[in-house]
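Student: The structure that follows is given in the form of structure tokens.
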Protein chains: 2
Amino acid sequence: MAETRARKTASIEDLRRRVLTQALAPGAYLDEVQLAEHYAMSRPPLREVLRQLAGEGYLELHEGRGVQVAPMTHKTLRNFFTSAPMIYAAISRLAAEHASTAQIMQLKDAQVLFRKAIRDCETAARALANERFHAIIGEMADNEYLTPSLRRLLIDHTRISMTFYNPRSTVLADQRMQAVAQHDGFIALIEAGDADGAAALAVDHWELSRTEIERFVAPVGLQETLGQDLKSRGAS
Amino acid sequence: MAETRARKTASIEDLRRRVLTQALAPGAYLDEVQLAEHYAMSRPPLREVLRQLAGEGYLELHEGRGVQVAPMTHKTLRNFFTSAPMIYAAISRLAAEHASTAQIMQLKDAQVLFRKAIRDCETAARALANERFHAIIGEMADNEYLTPSLRRLLIDHTRISMTFYNPRSTVLADQRMQAVAQHDGFIALIEAGDADGAAALAVDHWELSRTEIERFVAPVGLQETLGQDLKSRGAS
DNA sequence: CAAGAGTTCTTTGTAGACAATGATAATTAT
DNA sequence: ATAATTATCATTGTCTACAAAGAACTCTTG
């Protein structure tokens, strides 16, 4: 078994992806033996992987009762809204101050993929590309004290966006174009080293995302009276 | 082996303590077999423990090259100064908003231990009690997105304070009393639910700590001319 | 004498088997 | 019939032994 090491990192990345795209639903319990089989490894190293992912916030360990995909409740959503703008703004500011040219290249590459995913209406790819874009900004910030919080926020931001993202909705099409434009803005501001600008844009970008989420969480009520056909509205 | 579970959690707490008090020096490499022996467990569960602690920021894993106590460089110190006030203020604010009475009791208990450690000039106990005090405030905030950053900050804050803390210095005695008073202030403000007050006090508390650290990192230069006795100044 | 390659040895990583705990279902007693 | 208790089962947690990768040392060669 020469490539077990590769398998281990692969399993970590795959599990991250599955959690982010909700292929593994929040709150779902995982089976160690099943996962170990799936990734063609034995349980001890898999357990290490699970611990690590728990540390990163993807999973939750319950002593003697198994591993759970990090659940999302109304409380987590509230906390998310409270913390996100502050962290995003701080990270963006630091990124503009510290970004290397190599990292800016990475960011541009990520933006290409983001654009592509939106054009092709690939929900999961879009969510992952967006996560990657912001994760790179996090790397640029290069601050070991703030990145843990950013990581944690991105996990749930990505998962939340997966729950309600509807590539067919024309209302959201405009917002998607705005998001793409804002990403371009990030690249320009970071390249220019404009810390204040990047921080301000982070707040705008967050506001855009927040409206999207709010529109889904608290949608406008149905207008029909009892007895009418409700099918065509699709409020779910 | 009925109590292996207890041993596992005990090993986690002990390792945390040893890192925080610098009984394990920053950057030091650990030996798995030695640690496993020390905690009377086999290597696989110990490796899980190490992964978890790495996730929490106490350790760093190096693929195939062993485990290292999280190092502290000039860069980490700079990042620390950048991030700490924001996170501390935010956490304190949320703590004042959400603290339960049970948690306030815990905080008061922690403060008793903090006072005691300072009175008895026990450096490690003081550092750990201070860490615990602020960790409880973190629990009060009850925000899974911000606590990871707070945790990370407290690790290095505790370690930094251990490096230069000198219970004999009379200059620092006054600062210690101020710190105790500020902790009392936290308790009062949190109990009163004064979020703005708690956030403001967090900034003050941070400033106090920062001056202490700065005085150590950039001390005033020695005044003696060459050839004079330098022993009595203790500039290390 | 210095530099590089080969070999040995220490240390990390993994596998498979075993033990123990928590969950589930069945049986018994009220 | 329902509730409690016990027994069985599935699943988590751990241990010992083995394999492989990295580090250090030695031996050889320029």
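How things are named: the first chain in the structure tokens is A, the next is B, and so on; residues count from 1 in each chain; ligands count from 1 in the order shown.
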As a list in words, please: the residues near DT11 (chain D) (cut-off 12 Å, only C-alpha atoms (C1' of nucleotides), same-chain neighbours under 4 positions excluded).

Tutor: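 Near neighbours after the sequence-gap exclusion: Leu30, Asp31, Glu32, Val33, Gln34, Gly64, Arg65, Gly66 and Val67 of chain A; DA20, DT21, DG22 and DA23 of chain C.
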
Student: Go ahead and write the selection's residues with N, CA and C atoms (P, O5', C5', C4', C3', O3' and C1' of nucleotides) as an mmCIF file, in the first residue's frame.

Tutor:
data_model
loop_
_atom_site.group_PDB
_atom_site.id
_atom_site.type_symbol
_atom_site.label_atom_id
_atom_site.label_comp_id
_atom_site.auth_asym_id
_atom_site.auth_seq_id
_atom_site.Cartn_x
_atom_site.Cartn_y
_atom_site.Cartn_z
ATOM 1 N N LEU A 30 -22.629 9.279 10.458
ATOM 2 C CA LEU A 30 -21.774 8.542 9.536
ATOM 3 C C LEU A 30 -21.401 7.187 10.123
ATOM 4 N N ASP A 31 -21.160 6.240 9.240
ATOM 5 C CA ASP A 31 -20.762 4.896 9.657
ATOM 6 C C ASP A 31 -19.280 4.688 9.343
ATOM 7 N N GLU A 32 -18.502 4.462 10.401
ATOM 8 C CA GLU A 32 -17.058 4.338 10.234
ATOM 9 C C GLU A 32 -16.667 3.232 9.256
ATOM 10 N N VAL A 33 -17.217 2.034 9.449
ATOM 11 C CA VAL A 33 -16.800 0.905 8.614
ATOM 12 C C VAL A 33 -17.156 1.145 7.159
ATOM 13 N N GLN A 34 -18.310 1.714 6.947
ATOM 14 C CA GLN A 34 -18.764 2.005 5.592
ATOM 15 C C GLN A 34 -17.817 3.005 4.911
ATOM 16 N N GLY A 64 -18.631 7.878 21.889
ATOM 17 C CA GLY A 64 -19.279 6.570 21.933
ATOM 18 C C GLY A 64 -20.593 6.487 21.193
ATOM 19 N N ARG A 65 -20.987 7.576 20.527
ATOM 20 C CA ARG A 65 -22.278 7.585 19.844
ATOM 21 C C ARG A 65 -22.140 7.977 18.391
ATOM 22 N N GLY A 66 -20.944 7.946 17.894
ATOM 23 C CA GLY A 66 -20.774 8.158 16.469
ATOM 24 C C GLY A 66 -20.474 9.576 16.052
ATOM 25 N N VAL A 67 -20.270 9.729 14.762
ATOM 26 C CA VAL A 67 -19.882 11.014 14.175
ATOM 27 C C VAL A 67 -21.057 11.576 13.400
ATOM 28 P P DA C 20 -13.037 -5.646 28.083
ATOM 29 O "O5'" DA C 20 -13.982 -4.383 27.937
ATOM 30 C "C5'" DA C 20 -13.466 -3.180 27.374
ATOM 31 C "C4'" DA C 20 -14.605 -2.308 26.888
ATOM 32 C "C3'" DA C 20 -15.859 -2.359 27.766
ATOM 33 O "O3'" DA C 20 -16.395 -1.051 27.858
ATOM 34 C "C1'" DA C 20 -16.452 -2.820 25.574
ATOM 35 P P DT C 21 -17.167 -0.577 29.136
ATOM 36 O "O5'" DT C 21 -18.072 0.615 28.586
ATOM 37 C "C5'" DT C 21 -17.587 1.386 27.482
ATOM 38 C "C4'" DT C 21 -18.669 1.565 26.444
ATOM 39 C "C3'" DT C 21 -20.076 1.801 27.021
ATOM 40 O "O3'" DT C 21 -20.603 2.963 26.440
ATOM 41 C "C1'" DT C 21 -20.159 0.245 25.285
ATOM 42 P P DG C 22 -21.662 3.827 27.209
ATOM 43 O "O5'" DG C 22 -22.836 3.986 26.132
ATOM 44 C "C5'" DG C 22 -22.518 4.501 24.854
ATOM 45 C "C4'" DG C 22 -23.482 3.958 23.813
ATOM 46 C "C3'" DG C 22 -24.969 4.153 24.143
ATOM 47 O "O3'" DG C 22 -25.637 4.608 22.986
ATOM 48 C "C1'" DG C 22 -24.552 1.899 23.643
ATOM 49 P P DA C 23 -27.135 5.055 23.010
ATOM 50 O "O5'" DA C 23 -27.857 3.971 22.091
ATOM 51 C "C5'" DA C 23 -27.432 3.835 20.729
ATOM 52 C "C4'" DA C 23 -28.125 2.633 20.083
ATOM 53 C "C3'" DA C 23 -29.657 2.649 20.181
ATOM 54 O "O3'" DA C 23 -30.188 2.207 18.948
ATOM 55 C "C1'" DA C 23 -28.824 0.647 21.111
#

Student: Which residues of chain C have any atom within 12 Å of an atom in chain B when counting only C-alpha atoms (C1' of nucleotides), and what is the closest pair of atoms for each, with the distance in Å to one decimal? Order the rows by chain and rising number and write it as a Markdown table.

Tutor:
| residue | atom | partner | partner_atom | distance |
| --- | --- | --- | --- | --- |
| C:DT10 | C1' | B:Asp31 | CA | 11.4 |
| C:DT11 | C1' | B:Gly66 | CA | 8.3 |
| C:DT12 | C1' | B:Gly64 | CA | 5.7 |
| C:DG13 | C1' | B:Gly64 | CA | 7.9 |
| C:DT14 | C1' | B:Pro44 | CA | 9.8 |
| C:DA15 | C1' | B:Pro44 | CA | 11.7 |
| C:DA19 | C1' | B:Met1 | CA | 8.5 |
| C:DA20 | C1' | B:Ala2 | CA | 7.7 |
| C:DT21 | C1' | B:Ala2 | CA | 9.8 |

Student: I need the chosen residues saved as a PDB file, in the first residue's frame, with C-alpha atoms (C1' of nucleotides).

Tutor:
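This is the output file again.pdb:
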ATOM      1  C1'  DT C  10      14.530   5.018  14.178  1.00  0.00           C
ATOM      2  C1'  DT C  11       9.893   6.734  13.754  1.00  0.00           C
ATOM      3  C1'  DT C  12       5.608   7.303  11.485  1.00  0.00           C
ATOM      4  C1'  DG C  13       1.577   5.111   9.308  1.00  0.00           C
ATOM      5  C1'  DT C  14      -1.562   1.235   8.688  1.00  0.00           C
ATOM      6  C1'  DA C  15      -3.977  -3.230   9.062  1.00  0.00           C
ATOM      7  C1'  DA C  19     -12.914  -5.683  23.838  1.00  0.00           C
ATOM      8  C1'  DA C  20     -16.452  -2.820  25.574  1.00  0.00           C
ATOM      9  C1'  DT C  21     -20.159   0.245  25.285  1.00  0.00           C
TER      10       DT C  21
END

Student: Find the residues in chain A near chain B: any atom within 8 Å counts, using only C-alpha atoms. Write them as a list in words.

Tutor: Pro44, Arg47, Glu48, Arg51, Gln52, Ala54, Gly55, Glu56, Thr76, Asn79, Phe80, Ser83, Asn143, Glu144, Tyr145, Leu146, Thr147, Pro148, Ser149, Leu150, Arg152 and Leu153 of chain A

Student: Dump as a list in words the residues of chain D that approach chain A to within 8 Å, counting only C-alpha atoms (C1' of nucleotides).

Tutor: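 Those within range of chain A come out as DT12, DG13 and DA20 of chain D.
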
Student: Neighbouring residues of region 120-133 of chain B were defined as those with any atom within 6 Å, considering only C-alpha atoms (C1' of nucleotides); residues of the same chain fewer than 3 positions away were excluded. Please report them as a ChimeraX atom specification.

Tutor: /B:21,110,114,117,136,158,167

Student: Set the distance at 10 Å and use only C-alpha atoms (C1' of nucleotides): which residues neighbour DC25 (chain D) once local chain neighbours fewer than 3 positions away are removed? I'd like the list as number ranges by chain.

Tutor: C: 7-9

Student: Which residues are near region 196-204 of chain A? Cut-off 7 Å, only C-alpha atoms (C1' of nucleotides), ignore same chain within fewer than 3 positions. Put them as number ranges by chain.

Tutor: A: 85, 88-90, 92-93, 96, 186, 189-190, 207-208

Student: Keeping N, CA and C atoms, export the residues of the selection given above as an mmCIF file, in the first residue's frame.

Tutor:
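That gives us part09.cif:
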data_model
loop_
_atom_site.group_PDB
_atom_site.id
_atom_site.type_symbol
_atom_site.label_atom_id
_atom_site.label_comp_id
_atom_site.auth_asym_id
_atom_site.auth_seq_id
_atom_site.Cartn_x
_atom_site.Cartn_y
_atom_site.Cartn_z
ATOM 1 N N PRO A 85 -20.232 39.387 8.756
ATOM 2 C CA PRO A 85 -19.723 40.633 8.194
ATOM 3 C C PRO A 85 -18.407 41.080 8.824
ATOM 4 N N TYR A 88 -15.551 38.666 7.544
ATOM 5 C CA TYR A 88 -15.304 38.844 6.114
ATOM 6 C C TYR A 88 -14.589 40.163 5.857
ATOM 7 N N ALA A 89 -15.037 41.225 6.521
ATOM 8 C CA ALA A 89 -14.425 42.535 6.311
ATOM 9 C C ALA A 89 -12.967 42.526 6.778
ATOM 10 N N ALA A 90 -12.736 41.948 7.956
ATOM 11 C CA ALA A 90 -11.378 41.927 8.499
ATOM 12 C C ALA A 90 -10.443 41.129 7.599
ATOM 13 N N SER A 92 -10.794 40.459 4.394
ATOM 14 C CA SER A 92 -10.588 41.127 3.110
ATOM 15 C C SER A 92 -9.572 42.245 3.245
ATOM 16 N N ARG A 93 -9.678 42.971 4.351
ATOM 17 C CA ARG A 93 -8.718 44.046 4.600
ATOM 18 C C ARG A 93 -7.294 43.500 4.639
ATOM 19 N N ALA A 96 -5.949 42.344 1.242
ATOM 20 C CA ALA A 96 -5.482 43.438 0.385
ATOM 21 C C ALA A 96 -4.092 43.904 0.816
ATOM 22 N N PHE A 186 -13.136 42.424 -5.940
ATOM 23 C CA PHE A 186 -12.168 41.944 -4.949
ATOM 24 C C PHE A 186 -10.780 41.806 -5.574
ATOM 25 N N LEU A 189 -9.261 45.273 -6.182
ATOM 26 C CA LEU A 189 -8.892 45.992 -4.962
ATOM 27 C C LEU A 189 -7.709 45.330 -4.259
ATOM 28 N N ILE A 190 -7.711 44.006 -4.252
ATOM 29 C CA ILE A 190 -6.611 43.296 -3.600
ATOM 30 C C ILE A 190 -5.318 43.532 -4.379
ATOM 31 N N GLU A 207 -23.932 41.779 2.203
ATOM 32 C CA GLU A 207 -25.315 42.255 2.157
ATOM 33 C C GLU A 207 -26.089 41.588 1.026
ATOM 34 N N LEU A 208 -25.412 41.443 -0.091
ATOM 35 C CA LEU A 208 -26.043 40.785 -1.234
ATOM 36 C C LEU A 208 -26.437 39.362 -0.873
#

Student: With distances taken over only C-alpha atoms, which of B:Ser209, B:Gln178, B:Thr4, B:Thr9 is nearest to Ser42 (chain B)?

Tutor: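 Selected residue with least distance to Ser42 (chain B): B:Thr4.
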
Student: Identify, on the basis of only C-alpha atoms (C1' of nucleotides), every residue whose closest approach to DA29 (chain C) does not exceed 10 Å; exclude the query and any residue fewer than 2 positions from it along the same chain; express the result as a PDB file with N, CA and C atoms (P, O5', C5', C4', C3', O3' and C1' of nucleotides), in the first residue's frame.

Tutor:
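Below you can see result-v5.pdb, which holds the result:
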ATOM      1  P    DT C  27     -39.054 -13.701  22.403  1.00  0.00           P
ATOM      2  O5'  DT C  27     -39.074 -14.001  23.981  1.00  0.00           O
ATOM      3  C5'  DT C  27     -37.886 -13.777  24.739  1.00  0.00           C
ATOM      4  C4'  DT C  27     -38.240 -13.248  26.125  1.00  0.00           C
ATOM      5  C3'  DT C  27     -39.523 -13.834  26.731  1.00  0.00           C
ATOM      6  O3'  DT C  27     -39.249 -14.303  28.033  1.00  0.00           O
ATOM      7  C1'  DT C  27     -39.538 -11.513  26.933  1.00  0.00           C
TER       8       DT C  27
ATOM      9  P    DA D   3     -46.784   2.266  28.927  1.00  0.00           P
ATOM     10  O5'  DA D   3     -45.697   2.032  30.057  1.00  0.00           O
ATOM     11  C5'  DA D   3     -46.110   1.573  31.337  1.00  0.00           C
ATOM     12  C4'  DA D   3     -45.069   0.642  31.909  1.00  0.00           C
ATOM     13  C3'  DA D   3     -43.627   1.102  31.690  1.00  0.00           C
ATOM     14  O3'  DA D   3     -42.925   0.996  32.911  1.00  0.00           O
ATOM     15  C1'  DA D   3     -43.869  -1.126  30.980  1.00  0.00           C
ATOM     16  P    DA D   4     -41.642   1.852  33.183  1.00  0.00           P
ATOM     17  O5'  DA D   4     -40.632   0.787  33.789  1.00  0.00           O
ATOM     18  C5'  DA D   4     -41.130  -0.195  34.688  1.00  0.00           C
ATOM     19  C4'  DA D   4     -40.359  -1.492  34.512  1.00  0.00           C
ATOM     20  C3'  DA D   4     -38.836  -1.313  34.434  1.00  0.00           C
ATOM     21  O3'  DA D   4     -38.237  -2.277  35.269  1.00  0.00           O
ATOM     22  C1'  DA D   4     -39.572  -2.621  32.643  1.00  0.00           C
ATOM     23  P    DT D   5     -36.770  -2.065  35.885  1.00  0.00           P
ATOM     24  O5'  DT D   5     -36.058  -3.461  35.586  1.00  0.00           O
ATOM     25  C5'  DT D   5     -36.846  -4.661  35.589  1.00  0.00           C
ATOM     26  C4'  DT D   5     -36.260  -5.661  34.609  1.00  0.00           C
ATOM     27  C3'  DT D   5     -34.730  -5.637  34.481  1.00  0.00           C
ATOM     28  O3'  DT D   5     -34.231  -6.956  34.537  1.00  0.00           O
ATOM     29  C1'  DT D   5     -35.689  -5.569  32.362  1.00  0.00           C
TER      30       DT D   5
END

Student: Could you check how far CA of His74 (chain B) sits from CA of Val217 (chain B), in Å to one decimal?

Tutor: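 About the pair CA of His74 (chain B) and CA of Val217 (chain B): they are 10.3 Å apart.
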
Student: Just how far from CA of Phe164 (chain B) is CA of Met177 (chain B), in Å to one decimal?

Tutor: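 Between CA of Met177 (chain B) and CA of Phe164 (chain B) the gap works out to 17.2 Å.
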
Student: If I take CA of Ile160 (chain A) and CA of Gln175 (chain A), how far is one from the other in Å, to one decimal?

Tutor: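 Taking CA of Ile160 (chain A) and CA of Gln175 (chain A), their separation equals 16.1 Å.
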
Student: Please, which residues of region 28-217 of chain B, numbered as in this document, come out helix (DSSP H, G or I) from DSSP, as a ChimeraX atom specification?

Tutor: /B:32-38,43-56,74-98,101-119,123-141,147-164,170-192,195-217

Student: Tell me which protein, DNA and RNA residues are within 10 Å of Met105 (chain A), counting only C-alpha atoms (C1' of nucleotides), leaving out same-chain ones fewer than 5 positions away, and put them as a PyMOL selection string.

Tutor: chain A and resi 100+110-111+187+191

Student: Could you please write out, as a list in words, every residue of region 31-231 of chain B that DSSP assigns to strand (DSSP E)?

Tutor: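 Put together, the selection reads Leu59, Glu60, Leu61, His62, Gly66, Val67, Gln68 and Val69 of chain B.
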
Student: Output the selection as a PDB file, in the first residue's frame - N, CA and C atoms for each residue.

Tutor:
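And here is the file that came out, again_16.pdb:
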ATOM      1  N   LEU B  59      -1.135  22.127  18.358  1.00  0.00           N
ATOM      2  CA  LEU B  59      -0.046  21.409  17.706  1.00  0.00           C
ATOM      3  C   LEU B  59      -0.103  21.625  16.199  1.00  0.00           C
ATOM      4  N   GLU B  60       0.986  21.222  15.554  1.00  0.00           N
ATOM      5  CA  GLU B  60       1.014  21.225  14.091  1.00  0.00           C
ATOM      6  C   GLU B  60       1.495  19.872  13.615  1.00  0.00           C
ATOM      7  N   LEU B  61       0.771  19.290  12.676  1.00  0.00           N
ATOM      8  CA  LEU B  61       1.159  17.983  12.136  1.00  0.00           C
ATOM      9  C   LEU B  61       1.996  18.198  10.882  1.00  0.00           C
ATOM     10  N   HIS B  62       3.064  17.418  10.772  1.00  0.00           N
ATOM     11  CA  HIS B  62       3.861  17.452   9.551  1.00  0.00           C
ATOM     12  C   HIS B  62       3.906  16.044   8.977  1.00  0.00           C
ATOM     13  N   GLY B  66       6.412  13.975  11.921  1.00  0.00           N
ATOM     14  CA  GLY B  66       6.148  14.146  13.331  1.00  0.00           C
ATOM     15  C   GLY B  66       5.271  15.325  13.692  1.00  0.00           C
ATOM     16  N   VAL B  67       5.002  15.442  14.970  1.00  0.00           N
ATOM     17  CA  VAL B  67       4.104  16.458  15.499  1.00  0.00           C
ATOM     18  C   VAL B  67       4.913  17.508  16.237  1.00  0.00           C
ATOM     19  N   GLN B  68       4.516  18.752  16.064  1.00  0.00           N
ATOM     20  CA  GLN B  68       5.254  19.863  16.628  1.00  0.00           C
ATOM     21  C   GLN B  68       4.317  20.721  17.476  1.00  0.00           C
ATOM     22  N   VAL B  69       4.802  21.205  18.593  1.00  0.00           N
ATOM     23  CA  VAL B  69       4.040  22.196  19.345  1.00  0.00           C
ATOM     24  C   VAL B  69       3.967  23.456  18.492  1.00  0.00           C
TER      25      VAL B  69
END
